[in-house]
$ cat work.json   # JSON, C-alpha atoms
[["chain", "number", "residue", "atom", "x", "y", "z"],
["V", 690, "MET", "CA", 351.67, -27.03, -126.97],
["V", 691, "THR", "CA", 352.46, -23.74, -125.30],
["V", 692, "TYR", "CA", 349.61, -21.43, -124.47],
["V", 693, "VAL", "CA", 350.25, -17.70, -124.33],
["V", 694, "ILE", "CA", 347.74, -15.86, -122.21],
["V", 695, "PRO", "CA", 347.50, -12.22, -123.28],
["V", 696, "ALA", "CA", 347.76, -9.60, -120.58],
["V", 697, "PRO", "CA", 344.31, -8.15, -119.88],
["V", 698, "SER", "CA", 343.79, -4.59, -121.00],
["V", 699, "THR", "CA", 342.65, -2.05, -118.44],
["V", 700, "PRO", "CA", 339.22, -0.57, -119.20],
["V", 701, "ALA", "CA", 339.44, 3.20, -119.52],
["V", 702, "LEU", "CA", 337.23, 6.21, -120.23],
["V", 703, "PRO", "CA", 338.19, 9.38, -122.11],
["V", 704, "VAL", "CA", 338.70, 12.64, -120.24],
["V", 705, "ALA", "CA", 336.82, 15.52, -121.84],
["V", 706, "GLY", "CA", 338.90, 18.09, -123.68],
["V", 707, "THR", "CA", 342.10, 16.02, -123.56],
["V", 708, "ASN", "CA", 343.72, 12.93, -125.02],
["V", 709, "ASP", "CA", 343.94, 11.42, -121.55],
["V", 710, "LEU", "CA", 342.25, 8.22, -120.43],
["V", 711, "PHE", "CA", 340.86, 7.43, -116.97],
["V", 712, "PRO", "CA", 341.70, 3.79, -116.07],
["V", 713, "VAL", "CA", 338.72, 2.07, -114.41],
["V", 714, "ARG", "CA", 339.15, -0.31, -111.47],
["V", 715, "ARG", "CA", 335.65, -1.10, -110.19],
["V", 716, "VAL", "CA", 332.11, -0.05, -111.10],
["V", 717, "TYR", "CA", 329.61, 0.42, -108.28],
["V", 718, "CYS", "CA", 325.94, 1.22, -108.95],
["V", 719, "VAL", "CA", 323.42, 2.53, -106.43],
["V", 720, "GLY", "CA", 319.84, 1.32, -106.72],
["V", 721, "ARG", "CA", 316.63, 3.34, -106.43],
["V", 722, "ASN", "CA", 318.24, 6.66, -105.59],
["V", 723, "TYR", "CA", 315.39, 8.85, -106.89],
["V", 724, "ALA", "CA", 312.11, 8.74, -104.97],
["V", 725, "ALA", "CA", 309.81, 8.45, -107.99],
["V", 726, "HIS", "CA", 311.92, 5.68, -109.52],
["V", 727, "ALA", "CA", 311.90, 3.80, -106.21],
["V", 728, "ARG", "CA", 308.11, 3.91, -106.28],
["V", 729, "GLU", "CA", 307.86, 2.80, -109.94],
["V", 730, "MET", "CA", 310.04, -0.21, -109.10],
["V", 731, "GLY", "CA", 307.90, -1.12, -106.10],
["V", 732, "GLY", "CA", 310.23, 0.25, -103.44],
["V", 733, "ASP", "CA", 309.97, 2.67, -100.54],
["V", 734, "PRO", "CA", 311.65, 6.02, -101.30],
["V", 735, "THR", "CA", 312.59, 6.74, -97.68],
["V", 736, "ARG", "CA", 316.17, 7.29, -96.61],
["V", 737, "GLU", "CA", 316.85, 3.71, -95.65],
["V", 738, "PRO", "CA", 320.52, 2.79, -96.18],
["V", 739, "PRO", "CA", 321.31, 2.72, -99.92],
["V", 740, "PHE", "CA", 322.08, -0.57, -101.63],
["V", 741, "PHE", "CA", 324.64, -1.21, -104.32],
["V", 742, "PHE", "CA", 325.40, -3.73, -107.03],
["V", 743, "MET", "CA", 328.36, -3.94, -109.39],
["V", 744, "LYS", "CA", 329.10, -4.18, -113.09],
["V", 745, "PRO", "CA", 332.37, -5.54, -114.48],
["V", 746, "ALA", "CA", 334.72, -2.72, -115.45],
["V", 747, "ASP", "CA", 334.92, -4.12, -118.98],
["V", 748, "ALA", "CA", 331.13, -3.79, -119.30],
["V", 749, "LEU", "CA", 331.61, -0.05, -119.77],
["V", 750, "GLN", "CA", 331.20, 1.28, -123.31],
["V", 751, "PRO", "CA", 333.03, 4.57, -123.91],
["V", 752, "VAL", "CA", 330.99, 7.03, -125.95],
["V", 753, "ALA", "CA", 332.96, 9.73, -127.75],
["V", 754, "GLU", "CA", 331.71, 13.30, -127.53],
["V", 755, "GLY", "CA", 329.60, 14.26, -130.54],
["V", 756, "ALA", "CA", 329.44, 10.71, -131.93],
["V", 757, "THR", "CA", 326.49, 8.35, -132.30],
["V", 758, "ILE", "CA", 327.82, 4.88, -131.58],
["V", 759, "ASP", "CA", 326.30, 1.45, -132.06],
["V", 760, "HIS", "CA", 325.07, -0.23, -128.90],
["V", 761, "PRO", "CA", 324.45, -3.98, -129.23],
["V", 762, "TYR", "CA", 321.14, -5.41, -128.03],
["V", 763, "PRO", "CA", 322.21, -8.25, -125.71],
["V", 764, "PRO", "CA", 321.12, -11.89, -126.00],
["V", 765, "LYS", "CA", 318.65, -13.68, -123.70],
["V", 766, "THR", "CA", 316.30, -10.72, -123.19],
["V", 767, "GLY", "CA", 313.13, -9.31, -124.68],
["V", 768, "ASN", "CA", 312.89, -6.35, -122.28],
["V", 769, "TYR", "CA", 316.07, -4.26, -122.44],
["V", 770, "HIS", "CA", 315.78, -1.07, -120.38],
["V", 771, "PHE", "CA", 317.57, 2.28, -120.33],
["V", 772, "GLU", "CA", 318.50, 4.04, -117.09],
["V", 773, "ILE", "CA", 320.16, 7.46, -117.37],
["V", 774, "GLU", "CA", 322.66, 8.24, -114.59],
["V", 775, "LEU", "CA", 325.26, 10.70, -113.35],
["V", 776, "VAL", "CA", 328.57, 8.81, -113.24],
["V", 777, "VAL", "CA", 331.23, 9.68, -110.65],
["V", 778, "ALA", "CA", 334.93, 8.87, -111.16],
["V", 779, "LEU", "CA", 337.23, 8.74, -108.11],
["V", 780, "ALA", "CA", 340.80, 10.05, -108.04],
["V", 781, "LYS", "CA", 341.43, 9.04, -104.42],
["V", 782, "GLY", "CA", 340.27, 6.17, -102.24],
["V", 783, "GLY", "CA", 340.13, 5.13, -98.63],
["V", 784, "ARG", "CA", 338.01, 3.57, -95.92],
["V", 785, "ASP", "CA", 335.43, 5.24, -93.70],
["V", 786, "ILE", "CA", 335.57, 8.50, -95.64],
["V", 787, "PRO", "CA", 333.69, 11.31, -93.83],
["V", 788, "VAL", "CA", 330.82, 12.80, -95.82],
["V", 789, "GLU", "CA", 332.30, 16.27, -95.54],
["V", 790, "GLN", "CA", 335.53, 15.05, -97.19],
["V", 791, "ALA", "CA", 334.01, 12.71, -99.76],
["V", 792, "LEU", "CA", 333.91, 15.11, -102.72],
["V", 793, "ASP", "CA", 337.66, 15.68, -102.31],
["V", 794, "HIS", "CA", 338.04, 12.12, -103.65],
["V", 795, "VAL", "CA", 336.21, 12.83, -106.92],
["V", 796, "PHE", "CA", 338.15, 13.24, -110.16],
["V", 797, "GLY", "CA", 335.15, 14.07, -112.31],
["V", 798, "TYR", "CA", 331.69, 13.34, -113.66],
["V", 799, "ALA", "CA", 330.14, 11.89, -116.82],
["V", 800, "VAL", "CA", 326.84, 10.95, -118.43],
["V", 801, "GLY", "CA", 326.12, 7.22, -118.26],
["V", 802, "LEU", "CA", 323.48, 4.57, -118.88],
["V", 803, "ASP", "CA", 322.88, 1.54, -116.70],
["V", 804, "MET", "CA", 321.40, -0.71, -119.37],
["V", 805, "THR", "CA", 319.41, -3.57, -117.87],
["V", 806, "ARG", "CA", 317.96, -6.87, -119.04],
["V", 807, "ARG", "CA", 314.84, -6.14, -116.98],
["V", 808, "ASP", "CA", 313.19, -9.51, -117.53],
["V", 809, "LEU", "CA", 316.26, -11.29, -116.18],
["V", 810, "GLN", "CA", 316.55, -8.86, -113.28],
["V", 811, "ASP", "CA", 312.87, -9.35, -112.38],
["V", 812, "GLU", "CA", 313.31, -13.10, -112.48],
["V", 813, "ALA", "CA", 316.36, -12.84, -110.23],
["V", 814, "LYS", "CA", 314.40, -10.74, -107.74],
["V", 815, "GLN", "CA", 311.57, -13.29, -107.64],
["V", 816, "LEU", "CA", 314.01, -16.15, -107.11],
["V", 817, "ARG", "CA", 316.18, -14.15, -104.68],
["V", 818, "ARG", "CA", 319.20, -14.61, -106.89],
["V", 819, "PRO", "CA", 322.01, -12.16, -107.73],
["V", 820, "TRP", "CA", 321.38, -9.50, -110.38],
["V", 821, "GLU", "CA", 324.43, -10.06, -112.62],
["V", 822, "LEU", "CA", 322.53, -11.59, -115.55],
["V", 823, "GLY", "CA", 320.28, -8.55, -115.61],
["V", 824, "LYS", "CA", 322.84, -5.84, -114.93],
["V", 825, "ALA", "CA", 326.24, -7.03, -116.16],
["V", 826, "ALA", "CA", 325.70, -7.68, -119.89],
["V", 827, "ASP", "CA", 328.57, -6.86, -122.23],
["V", 828, "LEU", "CA", 328.75, -3.09, -122.90],
["V", 829, "SER", "CA", 325.81, -2.49, -120.55],
["V", 830, "GLY", "CA", 327.42, 0.66, -119.15],
["V", 831, "PRO", "CA", 327.76, 3.32, -121.85],
["V", 832, "VAL", "CA", 329.65, 6.34, -120.47],
["V", 833, "GLY", "CA", 330.59, 9.65, -122.06],
["V", 834, "PRO", "CA", 333.80, 11.60, -121.48],
["V", 835, "ILE", "CA", 334.68, 12.37, -117.88],
["V", 836, "HIS", "CA", 334.58, 16.08, -117.08],
["V", 837, "PRO", "CA", 337.09, 16.93, -114.33],
["V", 838, "ALA", "CA", 335.61, 18.43, -111.18],
["V", 839, "SER", "CA", 338.31, 21.08, -111.40],
["V", 840, "VAL", "CA", 336.48, 22.32, -114.52],
["V", 841, "VAL", "CA", 332.78, 21.61, -113.88],
["V", 842, "GLY", "CA", 332.65, 21.57, -110.09],
["V", 843, "HIS", "CA", 330.42, 19.05, -108.31],
["V", 844, "PRO", "CA", 327.01, 18.86, -110.03],
["V", 845, "ALA", "CA", 324.24, 18.64, -107.45],
["V", 846, "ASN", "CA", 321.47, 20.58, -109.17],
["V", 847, "GLY", "CA", 320.75, 20.29, -112.88],
["V", 848, "ALA", "CA", 318.64, 18.49, -115.45],
["V", 849, "ILE", "CA", 319.18, 14.81, -116.20],
["V", 850, "SER", "CA", 317.26, 13.25, -119.09],
["V", 851, "LEU", "CA", 316.97, 10.40, -121.58],
["V", 852, "ALA", "CA", 315.19, 10.53, -124.95],
["V", 853, "VAL", "CA", 314.43, 7.69, -127.37],
["V", 854, "ASP", "CA", 313.97, 8.69, -131.02],
["V", 855, "GLY", "CA", 313.38, 12.27, -129.90],
["V", 856, "ALA", "CA", 310.72, 11.44, -127.28],
["V", 857, "VAL", "CA", 311.75, 12.29, -123.71],
["V", 858, "LYS", "CA", 311.35, 9.25, -121.46],
["V", 859, "GLN", "CA", 313.24, 10.28, -118.32],
["V", 860, "LYS", "CA", 313.56, 13.81, -116.97],
["V", 861, "ALA", "CA", 314.48, 14.91, -113.47],
["V", 862, "ASN", "CA", 316.92, 17.03, -111.49],
["V", 863, "LEU", "CA", 320.10, 15.84, -109.77],
["V", 864, "ALA", "CA", 318.77, 17.53, -106.64],
["V", 865, "ASP", "CA", 316.08, 14.81, -106.53],
["V", 866, "MET", "CA", 318.62, 12.19, -105.43],
["V", 867, "ILE", "CA", 317.75, 10.56, -102.13],
["V", 868, "TRP", "CA", 321.44, 10.05, -101.32],
["V", 869, "SER", "CA", 323.92, 12.67, -102.50],
["V", 870, "VAL", "CA", 327.17, 11.75, -104.23],
["V", 871, "ALA", "CA", 329.11, 12.59, -101.06],
["V", 872, "GLU", "CA", 326.84, 10.34, -99.00],
["V", 873, "GLN", "CA", 327.18, 7.49, -101.51],
["V", 874, "ILE", "CA", 330.97, 7.67, -101.39],
["V", 875, "ALA", "CA", 331.03, 7.80, -97.60],
["V", 876, "TYR", "CA", 328.61, 4.89, -97.26],
["V", 877, "LEU", "CA", 330.42, 2.72, -99.82],
["V", 878, "SER", "CA", 333.72, 3.31, -98.06],
["V", 879, "THR", "CA", 332.38, 1.62, -94.93],
["V", 880, "TYR", "CA", 332.03, -1.64, -96.89],
["V", 881, "PHE", "CA", 334.96, -1.40, -99.35],
["V", 882, "GLU", "CA", 338.31, 0.29, -99.45],
["V", 883, "LEU", "CA", 337.72, 2.60, -102.37],
["V", 884, "ALA", "CA", 340.59, 3.34, -104.75],
["V", 885, "PRO", "CA", 341.57, 5.61, -107.62],
["V", 886, "GLY", "CA", 339.81, 4.41, -110.75],
["V", 887, "ASP", "CA", 336.59, 3.44, -109.02],
["V", 888, "VAL", "CA", 333.42, 4.59, -110.78],
["V", 889, "ILE", "CA", 329.97, 5.06, -109.24],
["V", 890, "PHE", "CA", 326.69, 5.09, -111.17],
["V", 891, "SER", "CA", 324.61, 7.30, -108.87],
["V", 892, "GLY", "CA", 321.08, 6.11, -109.66],
["V", 893, "THR", "CA", 318.37, 6.79, -112.22],
["V", 894, "PRO", "CA", 315.16, 8.86, -112.13],
["V", 895, "GLU", "CA", 311.69, 7.60, -112.99],
["V", 896, "GLY", "CA", 310.61, 6.72, -116.50],
["V", 897, "VAL", "CA", 312.83, 3.74, -117.24],
["V", 898, "GLY", "CA", 311.61, 1.63, -120.13],
["V", 899, "ALA", "CA", 312.40, -0.72, -122.96],
["V", 900, "VAL", "CA", 314.39, 0.12, -126.05],
["V", 901, "ALA", "CA", 314.40, -1.81, -129.34],
["V", 902, "LYS", "CA", 316.87, -2.39, -132.16],
["V", 903, "GLY", "CA", 316.98, 0.54, -134.54],
["V", 904, "GLN", "CA", 316.13, 3.14, -131.91],
["V", 905, "THR", "CA", 318.49, 5.95, -130.86],
["V", 906, "MET", "CA", 318.97, 6.98, -127.24],
["V", 907, "ILE", "CA", 320.26, 10.39, -126.18],
["V", 908, "GLY", "CA", 321.24, 10.77, -122.54],
["V", 909, "ALA", "CA", 322.14, 14.14, -121.06],
["V", 910, "VAL", "CA", 323.19, 15.73, -117.79],
["V", 911, "GLU", "CA", 323.26, 19.50, -117.52],
["V", 912, "GLY", "CA", 326.84, 20.77, -117.72],
["V", 913, "LEU", "CA", 328.20, 17.41, -118.91],
["V", 914, "GLY", "CA", 326.84, 17.24, -122.44],
["V", 915, "GLU", "CA", 325.13, 14.20, -123.89],
["V", 916, "ILE", "CA", 325.75, 10.71, -125.22],
["V", 917, "ARG", "CA", 324.11, 9.20, -128.30],
["V", 918, "LEU", "CA", 323.65, 5.48, -128.94],
["V", 919, "ARG", "CA", 321.94, 3.58, -131.72],
["V", 920, "VAL", "CA", 320.67, 0.15, -130.63],
["V", 921, "VAL", "CA", 321.75, -2.54, -133.10]]
$ encode --input "work.json" --output "structure tokens"
Amino acid sequence: MTYVIPAPSTPALPVAGTNDLFPVRRVYCVGRNYAAHAREMGGDPTREPPFFFMKPADALQPVAEGATIDHPYPPKTGNYHFEIELVVALAKGGRDIPVEQALDHVFGYAVGLDMTRRDLQDEAKQLRRPWELGKAADLSGPVGPIHPASVVGHPANGAISLAVDGAVKQKANLADMIWSVAEQIAYLSTYFELAPGDVIFSGTPEGVGAVAKGQTMIGAVEGLGEIRLRVV
């Protein structure tokens, strides 16, 4: 018997206002990058070096502008959490990128959610195991259209929020980040050779919490619109 292995498709995100797609290579996520969220998760919100984890690129779930899409509640969890984030898409890569040049590598920005099986993540923390079971569930990274930096600039000050069934759960300002986007890119590039197509989830503010089937989440970042997801 001959087995034909299909060529893997490249995950991609829509580019706002166009029919273009942004092919995704890797997905990096920074942890505890807002002081109040660091405290609510039991951490110290000082400027110690940031830490990162990764999601598979095919864990991203593109969310079309103006649409409410179905978001599947994953198996093996009873405590599925939302985390609203500013997402950064890179057009250029490199190693040891200076902070003052880092934003030159950015293609654009989007609204995203780092959905988390919190019970599995907490268990992994207690057992000192990797976080993948908590952070890398299928479709655990909903992302809206990418807005090119050439159009929206580089958002560093503006509201970021998440509402569930109309009740605001997370609300902060991008200026509250402990590590700026430029600093995140520069720091990451000392550990990895970054490349076009890399995506960075830049951290979530305080107020993370559980969502249940049947509820609707609306995530927004000022200047980048919003994404709407119904948990099913």
$ closest_atom_pairs --input "work.json" --of "region 826-878 of chain V" --to "region 800-822 of chain V" --cutoff "9 Å" --atoms "all atoms listed in the file" --output "Markdown table"
| residue | atom | partner | partner_atom | distance |
| --- | --- | --- | --- | --- |
| V:Ala826 | CA | V:Leu822 | CA | 6.6 |
| V:Leu828 | CA | V:Met804 | CA | 8.5 |
| V:Ser829 | CA | V:Met804 | CA | 4.9 |
| V:Gly830 | CA | V:Asp803 | CA | 5.2 |
| V:Pro831 | CA | V:Leu802 | CA | 5.4 |
| V:Val832 | CA | V:Gly801 | CA | 4.3 |
| V:Gly833 | CA | V:Val800 | CA | 5.4 |
| V:Pro834 | CA | V:Val800 | CA | 7.6 |
| V:Ile835 | CA | V:Val800 | CA | 8.0 |
| V:Ile849 | CA | V:Val800 | CA | 8.9 |
$ atom_distance --input "work.json" --atom1 "CA of Asn768 (chain V)" --atom2 "CA of Val870 (chain V)"
29.3 Å
$ atom_distance --input "work.json" --atom1 "CA of Arg714 (chain V)" --atom2 "CA of Ser891 (chain V)"
16.6 Å
$ closest_residue --input "work.json" --among "V:Asp747, V:Glu754, V:Asp887, V:Glu737" --to "Leu913 (chain V)" --atoms "only C-alpha atoms"
V:Glu754
$ closest_residue --input "work.json" --among "V:Gly892, V:Pro761, V:Gly797, V:Pro787" --to "Phe741 (chain V)" --atoms "only C-alpha atoms"
V:Gly892
$ closest_residue --input "work.json" --among "V:Ala701, V:Val713, V:Leu749, V:Ala875" --to "Ala780 (chain V)" --atoms "all atoms listed in the file"
V:Val713
$ closest_residue --input "work.json" --among "V:Leu710, V:Met906, V:Leu863, V:Ala753" --to "Gly886 (chain V)" --atoms "only C-alpha atoms"
V:Leu710
$ atom_distance --input "work.json" --atom1 "CA of Ala884 (chain V)" --atom2 "CA of Val716 (chain V)"
11.1 Å
$ closest_residue --input "work.json" --among "V:Ile907, V:Ala724, V:Ala748, V:Ile874" --to "Ala861 (chain V)" --atoms "all atoms listed in the file"
V:Ala724
$ closest_residue --input "work.json" --among "V:Phe771, V:Phe711, V:Tyr717, V:Tyr723" --to "Val853 (chain V)" --atoms "all atoms listed in the file"
V:Phe771
$ residues_around --input "work.json" --residues "Phe796 (chain V)" --least-positions-apart "2" --cutoff "7 Å" --atoms "all atoms listed in the file" --output "list in words"
Ala778, Leu779, Ala780, His794, Pro837 and Ala838 of chain V
$ axis_aligned_box --input "work.json" --around "region 747-763 of chain V" --padding-each-side "6 Å" --output "lines of an AutoDock Vina configuration file"
center_x = 328.0
center_y = 3.0
center_z = -125.6
size_x = 25.8
size_y = 34.5
size_z = 25.3
$ residues_around --input "work.json" --residues "Ser869 (chain V)" --least-positions-apart "3" --cutoff "12 Å" --atoms "all atoms listed in the file" --output "list of chain:residue names"
V:Val719, V:Asn722, V:Tyr723, V:Arg736, V:Pro739, V:Leu775, V:Val777, V:Val788, V:Glu789, V:Ala791, V:Leu792, V:His843, V:Pro844, V:Ala845, V:Asn846, V:Leu863, V:Ala864, V:Asp865, V:Met866, V:Glu872, V:Gln873, V:Ile874, V:Ala875, V:Tyr876, V:Ile889, V:Phe890, V:Ser891, V:Gly892
$ write_last_selection --input "work.json" --atoms "C-alpha atoms" --output "PDB file, keeping the file's coordinate frame"
ATOM      1  CA  VAL V 719     323.420   2.530-106.430  1.00  0.00           C
ATOM      2  CA  ASN V 722     318.240   6.660-105.590  1.00  0.00           C
ATOM      3  CA  TYR V 723     315.390   8.850-106.890  1.00  0.00           C
ATOM      4  CA  ARG V 736     316.170   7.290 -96.610  1.00  0.00           C
ATOM      5  CA  PRO V 739     321.310   2.720 -99.920  1.00  0.00           C
ATOM      6  CA  LEU V 775     325.260  10.700-113.350  1.00  0.00           C
ATOM      7  CA  VAL V 777     331.230   9.680-110.650  1.00  0.00           C
ATOM      8  CA  VAL V 788     330.820  12.800 -95.820  1.00  0.00           C
ATOM      9  CA  GLU V 789     332.300  16.270 -95.540  1.00  0.00           C
ATOM     10  CA  ALA V 791     334.010  12.710 -99.760  1.00  0.00           C
ATOM     11  CA  LEU V 792     333.910  15.110-102.720  1.00  0.00           C
ATOM     12  CA  HIS V 843     330.420  19.050-108.310  1.00  0.00           C
ATOM     13  CA  PRO V 844     327.010  18.860-110.030  1.00  0.00           C
ATOM     14  CA  ALA V 845     324.240  18.640-107.450  1.00  0.00           C
ATOM     15  CA  ASN V 846     321.470  20.580-109.170  1.00  0.00           C
ATOM     16  CA  LEU V 863     320.100  15.840-109.770  1.00  0.00           C
ATOM     17  CA  ALA V 864     318.770  17.530-106.640  1.00  0.00           C
ATOM     18  CA  ASP V 865     316.080  14.810-106.530  1.00  0.00           C
ATOM     19  CA  MET V 866     318.620  12.190-105.430  1.00  0.00           C
ATOM     20  CA  GLU V 872     326.840  10.340 -99.000  1.00  0.00           C
ATOM     21  CA  GLN V 873     327.180   7.490-101.510  1.00  0.00           C
ATOM     22  CA  ILE V 874     330.970   7.670-101.390  1.00  0.00           C
ATOM     23  CA  ALA V 875     331.030   7.800 -97.600  1.00  0.00           C
ATOM     24  CA  TYR V 876     328.610   4.890 -97.260  1.00  0.00           C
ATOM     25  CA  ILE V 889     329.970   5.060-109.240  1.00  0.00           C
ATOM     26  CA  PHE V 890     326.690   5.090-111.170  1.00  0.00           C
ATOM     27  CA  SER V 891     324.610   7.300-108.870  1.00  0.00           C
ATOM     28  CA  GLY V 892     321.080   6.110-109.660  1.00  0.00           C
TER      29      GLY V 892
END
$ residues_near_point --input "work.json" --point "(326.9, -3.0, -129.5)" --cutoff "9 Å" --atoms "all atoms listed in the file" --output "JSON, numbers by chain"
{"V": [750, 758, 759, 760, 761, 762, 763, 827, 828, 919, 920, 921]}
